[in-house]
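Source file: input_0.txt. Holds: compact mmCIF, C-alpha atoms and all ligand atoms.
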```
# COMPACT_ATOMS: atom_id res chain seq x y z
CA MET A 24 238.83 75.73 -20.46
CA SER A 25 242.18 74.74 -21.79
CA HIS A 26 242.51 76.68 -25.05
CA LEU A 27 246.04 77.66 -24.13
CA MET A 28 247.17 74.14 -23.54
CA GLU A 29 249.98 73.00 -25.79
CA ASN A 30 248.75 69.45 -26.19
CA GLN A 31 245.30 69.68 -27.71
CA PHE A 32 244.65 66.02 -26.82
CA SER A 33 245.13 66.76 -23.13
CA ILE A 34 242.21 66.44 -20.70
CA LYS A 35 244.28 67.45 -17.69
CA ASN A 36 242.21 69.42 -15.15
CA LYS A 37 239.01 68.98 -17.11
CA ASN A 38 235.92 68.30 -14.99
CA ILE A 39 234.17 65.23 -16.37
CA VAL A 40 230.89 63.61 -15.30
CA ILE A 41 230.59 59.86 -16.04
CA THR A 42 227.33 57.95 -15.67
CA GLY A 43 227.26 54.19 -15.21
CA ALA A 44 230.72 54.52 -13.64
CA ALA A 45 230.39 51.22 -11.76
CA GLY A 46 229.93 49.17 -14.94
CA ILE A 47 232.49 47.36 -17.08
CA LEU A 48 233.27 50.34 -19.31
CA GLY A 49 232.59 52.93 -16.59
CA LYS A 50 235.30 51.53 -14.31
CA LYS A 51 237.82 51.49 -17.15
CA LEU A 52 236.89 55.03 -18.20
CA SER A 53 237.12 56.29 -14.61
CA GLN A 54 240.64 55.02 -13.97
CA SER A 55 241.92 56.00 -17.43
CA LEU A 56 240.55 59.55 -17.26
CA LEU A 57 242.01 59.97 -13.76
CA ASN A 58 245.35 58.78 -15.15
CA SER A 59 245.04 61.52 -17.77
CA GLY A 60 244.65 64.17 -15.06
CA ALA A 61 240.89 64.83 -15.20
CA HIS A 62 238.65 65.49 -12.17
CA LEU A 63 235.63 63.19 -12.12
CA ALA A 64 232.05 63.07 -10.87
CA LEU A 65 231.11 59.39 -10.94
CA ILE A 66 227.44 58.46 -11.00
CA ASP A 67 225.78 55.06 -10.69
CA LYS A 68 222.74 53.57 -8.98
CA ASP A 69 224.73 50.53 -7.82
CA GLU A 70 225.89 51.81 -4.42
CA LYS A 71 227.91 48.75 -3.47
CA THR A 72 229.97 48.62 -6.67
CA LEU A 73 230.40 52.40 -6.72
CA ASN A 74 231.78 52.30 -3.16
CA LYS A 75 234.15 49.51 -4.15
CA LEU A 76 235.27 51.58 -7.14
CA LYS A 77 235.92 54.48 -4.78
CA LYS A 78 238.34 52.27 -2.83
CA ASP A 79 240.00 50.83 -5.95
CA LEU A 80 240.57 54.00 -7.99
CA LYS A 81 244.05 55.45 -7.89
CA ILE A 82 244.57 59.17 -8.08
CA ALA A 83 247.35 59.92 -10.53
CA GLU A 84 248.42 63.46 -9.63
CA ASP A 85 246.62 66.30 -7.92
CA ASN A 86 243.27 65.34 -9.39
CA PHE A 87 240.23 64.09 -7.50
CA PHE A 88 236.88 62.38 -7.90
CA GLU A 89 233.52 62.28 -6.13
CA ILE A 90 230.88 59.55 -6.26
CA TYR A 91 227.11 60.09 -6.46
CA VAL A 92 224.65 57.25 -5.95
CA THR A 93 221.77 58.15 -8.24
CA ASP A 94 219.00 56.40 -10.17
CA LEU A 95 219.18 58.26 -13.48
CA THR A 96 215.58 57.43 -14.37
CA LYS A 97 214.31 59.53 -11.44
CA GLU A 98 214.27 63.23 -12.29
CA LYS A 99 214.37 64.38 -8.66
CA GLU A 100 217.44 62.26 -7.92
CA VAL A 101 219.16 63.46 -11.08
CA ASN A 102 218.52 67.10 -10.25
CA LYS A 103 219.71 66.66 -6.65
CA THR A 104 222.95 65.07 -7.86
CA ILE A 105 223.53 67.78 -10.49
CA LYS A 106 222.98 70.43 -7.82
CA SER A 107 225.49 68.90 -5.45
CA LEU A 108 228.12 68.17 -8.08
CA SER A 109 227.87 71.71 -9.45
CA LYS A 110 228.77 72.97 -5.95
CA LYS A 111 231.85 70.77 -5.92
CA PHE A 112 232.97 71.40 -9.51
CA ASN A 113 232.89 75.04 -10.55
CA SER A 114 232.48 74.10 -14.22
CA ILE A 115 231.58 70.97 -16.16
CA ASP A 116 233.71 70.42 -19.26
CA VAL A 117 232.43 67.00 -20.28
CA LEU A 118 229.45 64.73 -19.65
CA ILE A 119 229.82 61.07 -20.64
CA ASN A 120 226.36 59.50 -20.75
CA ASN A 121 227.44 55.87 -20.44
CA ALA A 122 224.85 54.18 -18.19
CA ALA A 123 222.55 51.59 -19.71
CA SER A 124 220.26 49.00 -18.16
CA LYS A 125 219.27 45.40 -18.73
CA GLY A 126 216.26 45.84 -16.42
CA ASN A 127 215.59 43.81 -13.26
CA SER A 128 215.64 40.39 -14.89
CA ILE A 129 218.13 39.19 -17.50
CA LYS A 130 215.64 36.44 -18.37
CA ASP A 131 212.97 39.02 -19.27
CA PHE A 132 215.54 41.22 -21.05
CA LEU A 133 216.37 38.32 -23.39
CA LEU A 134 212.78 37.08 -24.11
CA PRO A 135 211.82 36.65 -27.79
CA PHE A 136 210.10 39.67 -29.35
CA GLU A 137 206.72 37.88 -29.54
CA ASP A 138 206.75 37.40 -25.75
CA TYR A 139 208.41 40.69 -24.79
CA LYS A 140 206.83 42.36 -21.76
CA LEU A 141 205.74 45.99 -21.99
CA SER A 142 207.18 46.57 -18.51
CA THR A 143 210.62 45.39 -19.68
CA TRP A 144 210.37 47.48 -22.84
CA ASN A 145 209.53 50.59 -20.80
CA SER A 146 212.25 50.03 -18.24
CA ILE A 147 214.97 49.60 -20.91
CA ILE A 148 213.87 52.76 -22.71
CA GLU A 149 214.01 54.59 -19.36
CA GLY A 150 217.41 53.19 -18.41
CA ASN A 151 219.08 53.66 -21.80
CA LEU A 152 217.43 56.76 -23.25
CA THR A 153 215.36 58.70 -20.70
CA SER A 154 218.40 58.73 -18.38
CA MET A 155 220.41 60.51 -21.10
CA PHE A 156 217.57 62.99 -21.66
CA LEU A 157 217.54 63.88 -17.95
CA MET A 158 221.33 64.17 -17.61
CA SER A 159 221.76 66.15 -20.84
CA LYS A 160 218.95 68.46 -19.80
CA GLY A 161 220.47 69.22 -16.39
CA ILE A 162 224.15 69.39 -17.39
CA GLY A 163 223.32 71.11 -20.70
CA LYS A 164 221.81 74.00 -18.74
CA ILE A 165 225.13 74.45 -16.92
CA MET A 166 227.12 74.19 -20.18
CA LYS A 167 224.83 76.74 -21.83
CA ASN A 168 225.62 79.23 -19.04
CA GLN A 169 229.35 78.51 -19.38
CA ASN A 170 229.10 78.78 -23.17
CA TYR A 171 231.08 75.59 -23.69
CA GLY A 172 230.97 71.85 -23.09
CA SER A 173 231.23 68.43 -24.66
CA ILE A 174 228.58 65.75 -24.23
CA ILE A 175 229.45 62.17 -25.22
CA GLN A 176 226.69 59.59 -25.39
CA ILE A 177 227.46 55.89 -25.55
CA ALA A 178 225.16 54.08 -28.00
CA SER A 179 226.00 50.82 -29.79
CA ILE A 180 226.51 49.31 -33.24
CA TYR A 181 222.99 47.92 -32.75
CA GLY A 182 221.68 51.48 -32.91
CA VAL A 183 222.84 51.58 -36.56
CA THR A 184 222.63 47.96 -37.71
CA THR A 185 220.76 44.80 -36.75
CA PRO A 186 222.18 41.96 -34.67
CA LYS A 187 223.31 39.04 -36.83
CA ASN A 188 221.52 35.93 -35.59
CA ASP A 189 224.24 33.42 -36.50
CA VAL A 190 226.65 35.20 -34.13
CA TYR A 191 224.51 34.03 -31.21
CA GLU A 192 224.41 30.29 -32.03
CA GLY A 193 225.79 28.42 -29.00
CA SER A 194 226.77 31.68 -27.33
CA PHE A 195 226.44 32.20 -23.60
CA TYR A 196 227.33 34.94 -21.13
CA ASN A 197 227.10 34.40 -17.37
CA GLY A 198 225.10 31.25 -18.10
CA TYR A 199 222.47 32.98 -20.29
CA LYS A 200 222.00 32.47 -24.00
CA ILE A 201 223.05 35.77 -25.56
CA SER A 202 220.88 37.84 -27.86
CA THR A 203 220.18 41.53 -28.39
CA PRO A 204 216.52 42.50 -27.97
CA ALA A 205 214.74 45.01 -30.22
CA VAL A 206 214.36 47.48 -27.37
CA TYR A 207 218.14 47.72 -27.03
CA SER A 208 218.52 48.64 -30.73
CA VAL A 209 215.62 51.07 -30.54
CA SER A 210 216.93 52.78 -27.40
CA LYS A 211 220.40 53.15 -28.92
CA SER A 212 218.99 54.57 -32.19
CA GLY A 213 217.17 57.03 -29.96
CA VAL A 214 220.48 57.99 -28.32
CA ILE A 215 221.99 58.71 -31.75
CA ALA A 216 218.96 60.84 -32.70
CA LEU A 217 219.12 62.75 -29.38
CA THR A 218 222.80 63.45 -30.02
CA LYS A 219 222.11 64.95 -33.45
CA TYR A 220 219.19 66.99 -32.16
CA LEU A 221 221.16 68.46 -29.26
CA ALA A 222 224.28 69.12 -31.38
CA SER A 223 222.17 71.26 -33.68
CA TYR A 224 220.15 72.83 -30.86
CA TRP A 225 223.10 73.82 -28.63
CA GLY A 226 225.71 74.55 -31.32
CA LYS A 227 225.38 78.29 -30.80
CA TYR A 228 226.37 77.83 -27.16
CA ASN A 229 229.60 76.07 -28.12
CA ILE A 230 228.31 72.76 -26.76
CA ARG A 231 229.42 69.77 -28.80
CA VAL A 232 227.35 66.58 -28.61
CA ASN A 233 228.61 63.31 -30.10
CA THR A 234 227.87 59.61 -29.92
CA ILE A 235 230.32 56.75 -29.52
CA SER A 236 228.93 53.45 -30.83
CA PRO A 237 231.06 50.58 -29.55
CA GLY A 238 231.07 47.15 -31.07
CA GLY A 239 230.96 44.15 -28.71
CA ILE A 240 233.41 44.69 -25.86
CA PHE A 241 235.13 41.56 -24.59
CA SER A 242 234.13 40.92 -20.98
CA GLY A 243 234.10 37.15 -20.54
CA GLN A 244 231.72 36.05 -23.33
CA ASN A 245 232.22 32.36 -24.11
CA GLU A 246 234.66 31.10 -26.72
CA ASN A 247 231.93 30.33 -29.24
CA PHE A 248 230.60 33.87 -29.16
CA VAL A 249 234.04 35.43 -29.40
CA LYS A 250 234.82 33.20 -32.41
CA ASN A 251 231.48 33.83 -34.20
CA TYR A 252 231.55 37.54 -33.50
CA SER A 253 235.19 38.06 -34.48
CA LYS A 254 234.52 36.45 -37.87
CA LYS A 255 232.23 39.40 -38.68
CA VAL A 256 234.89 41.96 -37.76
CA PRO A 257 237.51 43.01 -40.36
CA LEU A 258 240.02 43.60 -37.54
CA GLY A 259 239.22 40.06 -36.37
CA LYS A 260 238.56 40.64 -32.67
CA MET A 261 236.15 42.10 -30.12
CA ALA A 262 236.62 45.63 -28.78
CA SER A 263 238.47 46.25 -25.54
CA GLY A 264 237.54 48.92 -23.01
CA ASN A 265 240.70 50.78 -24.00
CA ASP A 266 239.41 51.24 -27.55
CA ILE A 267 236.43 53.18 -26.20
CA VAL A 268 238.56 55.10 -23.69
CA GLY A 269 240.77 56.52 -26.46
CA THR A 270 237.77 57.78 -28.41
CA SER A 271 236.28 59.28 -25.23
CA ILE A 272 239.51 61.17 -24.50
CA PHE A 273 239.55 62.48 -28.08
CA LEU A 274 235.95 63.73 -27.84
CA SER A 275 236.62 65.21 -24.38
CA SER A 276 239.66 67.10 -25.60
CA ASP A 277 240.10 70.22 -27.69
CA ALA A 278 241.46 68.02 -30.51
CA SER A 279 237.81 67.37 -31.47
CA SER A 280 236.69 71.01 -31.15
CA TYR A 281 235.08 71.14 -34.64
CA ILE A 282 233.31 67.77 -34.35
CA THR A 283 229.67 67.75 -33.33
CA GLY A 284 226.58 65.62 -33.97
CA GLN A 285 228.70 62.69 -35.12
CA ASN A 286 228.50 59.01 -34.33
CA LEU A 287 232.00 57.58 -33.96
CA ILE A 288 231.56 53.86 -34.59
CA VAL A 289 234.31 51.99 -32.77
CA ASP A 290 233.71 48.46 -34.01
CA GLY A 291 236.77 47.16 -35.87
CA GLY A 292 234.69 47.43 -39.05
CA PHE A 293 231.71 45.26 -37.95
CA THR A 294 229.15 47.62 -39.54
CA LEU A 295 230.94 48.06 -42.89
N1 LIG B 1 229.69 45.88 -23.23
C1 LIG B 1 229.48 45.92 -24.55
O1 LIG B 1 229.81 44.99 -25.29
C2 LIG B 1 228.86 47.14 -25.16
C3 LIG B 1 228.75 47.23 -26.55
C4 LIG B 1 228.16 48.34 -27.13
C5 LIG B 1 227.70 49.35 -26.32
N2 LIG B 1 227.81 49.26 -24.97
C6 LIG B 1 227.32 50.37 -24.17
O2 LIG B 1 228.38 50.85 -23.38
C7 LIG B 1 227.85 51.37 -22.14
C8 LIG B 1 228.54 50.69 -20.97
O3 LIG B 1 228.33 49.29 -21.07
P1 LIG B 1 228.86 48.26 -19.99
O4 LIG B 1 229.14 47.01 -20.71
O5 LIG B 1 229.91 48.89 -19.16
O6 LIG B 1 227.52 48.04 -19.13
P2 LIG B 1 227.38 47.62 -17.60
O7 LIG B 1 226.04 46.97 -17.48
O8 LIG B 1 228.58 46.88 -17.13
O9 LIG B 1 227.36 49.02 -16.84
C9 LIG B 1 226.26 49.89 -16.89
C10 LIG B 1 226.22 50.65 -15.56
O10 LIG B 1 225.10 51.56 -15.61
C11 LIG B 1 224.45 51.53 -14.36
N3 LIG B 1 223.06 51.92 -14.49
C12 LIG B 1 222.09 51.25 -15.16
N4 LIG B 1 220.91 51.88 -15.02
C13 LIG B 1 221.15 52.97 -14.24
C14 LIG B 1 220.32 53.99 -13.70
N5 LIG B 1 218.99 54.02 -13.93
N6 LIG B 1 220.88 54.92 -12.93
C15 LIG B 1 222.21 54.89 -12.66
N7 LIG B 1 223.03 53.95 -13.13
C16 LIG B 1 222.50 52.99 -13.90
C17 LIG B 1 224.60 50.11 -13.87
O11 LIG B 1 224.46 50.03 -12.45
C18 LIG B 1 226.00 49.74 -14.34
O12 LIG B 1 226.98 49.99 -13.36
C19 LIG B 1 226.35 51.11 -22.20
O13 LIG B 1 225.70 52.28 -22.68
C20 LIG B 1 226.23 49.98 -23.18
O14 LIG B 1 224.97 49.90 -23.78
C21 LIG B 1 228.37 48.18 -24.37
```

Write the structure described by the file as structure tokens, please.
Amino acid sequence: MSHLMENQFSIKNKNIVITGAAGILGKKLSQSLLNSGAHLALIDKDEKTLNKLKKDLKIAEDNFFEIYVTDLTKEKEVNKTIKSLSKKFNSIDVLINNAASKGNSIKDFLLPFEDYKLSTWNSIIEGNLTSMFLMSKGIGKIMKNQNYGSIIQIASIYGVTTPKNDVYEGSFYNGYKISTPAVYSVSKSGVIALTKYLASYWGKYNIRVNTISPGGIFSGQNENFVKNYSKKVPLGKMASGNDIVGTSIFLSSDASSYITGQNLIVDGGFTL
């Protein structure tokens, strides 16, 4: 631990586990946290993209990272990965539960509620919520033994408020009409509830557990969506990956040492 560090915002030499590292936000988080001097265990089920990330990431100083191909909905795989990363990293300072899933078919993910398939519902709950249960369970055990740790869980504004239908009129992403299904909101509300539960449950072991709820992050949504969405945001624009990185560094660092159980909503004011 870095109690003696002069800069309480520093995450230099902290060991940080990031799930969903191969995704849009995961990639950004990985490079930014490396730039800040952290050592990283990067987890994703997407082997190809994770291997590409391994090639692309630049080590800033004397820090390092390892990659672990893991399906976070499979308890055996999760436990195997936690076992091997705990051999490599002699402590775990931070876990960032960032992975989330849109299931196997975007078409099914976006079906209207009346037609929603149980199989899709179950797979989104597993990908978004059960994965965080399994990772928090395994890494939390290690943090309990260390008597410190910070767990950061990425939820969404749609875990605290409902999607606004008019934002989606004429809005497309990768050729699909955009919407946010109920199961996404429900899974993210579940993430916020899990955070609060664990913050209370593990407080006596000096483990802090917090949620970050990002607003819509710009990643190539069409002009119509960006325009409609930005109108609902007091700061007048979509989030960037960097906005979420800054909050993650804060919650990883000792600067946030008296903050636990909170949901930091990083949305430019969308939910006000
Ligand atoms: N992009 C946004 O606008 C936005 C807004 C609010 C919240 N969020 C949240 O931020 C987080 C990151 O979002 P993103 O846009 O980078 O998503 P993304 O889809 O680009 O990345 C998610 C990553 O998680 C991985 N993943 C999914 N299921 C997995 C599993 N079972 N095991 C292992 N890895 C798995 C995927 O392979 C992918 O690399 C998510 O929790 C998302 O819900 C995103």

Identify which of the residues A:Val92, A:Ile148, A:Ile119, A:Leu295 lies closest to Thr270 (chain A), counting all atoms listed in the file when measuring atom-to-atom distances.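 The shortest atom-to-atom distance to Thr270 (chain A) comes from A:Ile119.
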
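Counting only C-alpha atoms and all ligand atoms and comparing A:Ser128, A:Asn245, A:Asn121, A:Gln169, the residue that lies closest to ligand LIG 1 (chain B) is A:Asn121.
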
With 7 Å as the cut-off and only C-alpha atoms and all ligand atoms counted, what is the closest atom pair between each nearby residue of chain A and ligand LIG 1 (chain B)? Distances in Å to one decimal, ordered by chain and number, as a Markdown table.
```
| residue | atom | partner | partner_atom | distance |
| --- | --- | --- | --- | --- |
| A:Thr42 | CA | B:LIG1 | N7 | 6.4 |
| A:Gly43 | CA | B:LIG1 | O10 | 3.4 |
| A:Ala44 | CA | B:LIG1 | O12 | 5.9 |
| A:Ala45 | CA | B:LIG1 | O12 | 4.0 |
| A:Gly46 | CA | B:LIG1 | O9 | 3.2 |
| A:Ile47 | CA | B:LIG1 | O5 | 3.7 |
| A:Leu48 | CA | B:LIG1 | O5 | 3.7 |
| A:Gly49 | CA | B:LIG1 | O5 | 5.5 |
| A:Ile66 | CA | B:LIG1 | C15 | 6.5 |
| A:Asp67 | CA | B:LIG1 | N7 | 3.8 |
| A:Lys68 | CA | B:LIG1 | C15 | 3.9 |
| A:Asp69 | CA | B:LIG1 | O11 | 4.7 |
| A:Thr93 | CA | B:LIG1 | C15 | 5.5 |
| A:Asp94 | CA | B:LIG1 | N6 | 3.7 |
| A:Leu95 | CA | B:LIG1 | N6 | 3.8 |
| A:Thr96 | CA | B:LIG1 | N5 | 4.8 |
| A:Asn121 | CA | B:LIG1 | O13 | 4.6 |
| A:Ala122 | CA | B:LIG1 | O10 | 3.7 |
| A:Ala123 | CA | B:LIG1 | O13 | 4.4 |
| A:Ser124 | CA | B:LIG1 | C12 | 4.2 |
| A:Gly150 | CA | B:LIG1 | N5 | 4.8 |
| A:Asn151 | CA | B:LIG1 | O13 | 6.8 |
| A:Ser154 | CA | B:LIG1 | N5 | 6.5 |
| A:Ile177 | CA | B:LIG1 | O13 | 4.9 |
| A:Ala178 | CA | B:LIG1 | C5 | 5.6 |
| A:Ser179 | CA | B:LIG1 | C5 | 4.1 |
| A:Ile180 | CA | B:LIG1 | C4 | 6.4 |
| A:Ser236 | CA | B:LIG1 | C5 | 6.2 |
| A:Pro237 | CA | B:LIG1 | C4 | 4.4 |
| A:Gly238 | CA | B:LIG1 | C4 | 5.0 |
| A:Gly239 | CA | B:LIG1 | O1 | 3.7 |
| A:Ile240 | CA | B:LIG1 | O1 | 3.7 |
| A:Phe241 | CA | B:LIG1 | O1 | 6.4 |
```

Nearest to Lys130 (chain A) among A:Leu52, A:Ile201, A:Ile235, A:Leu274, with distances taken over only C-alpha atoms: which residue is it?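 Once distances to Lys130 (chain A) are computed over only C-alpha atoms, the minimum belongs to A:Ile201.
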
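Distance annotation: of A:Asn265, A:Thr283, A:Asn30, A:Asn251, the residue with the minimal separation from Asp189 (chain A) is A:Asn251; atom set is all atoms listed in the file.
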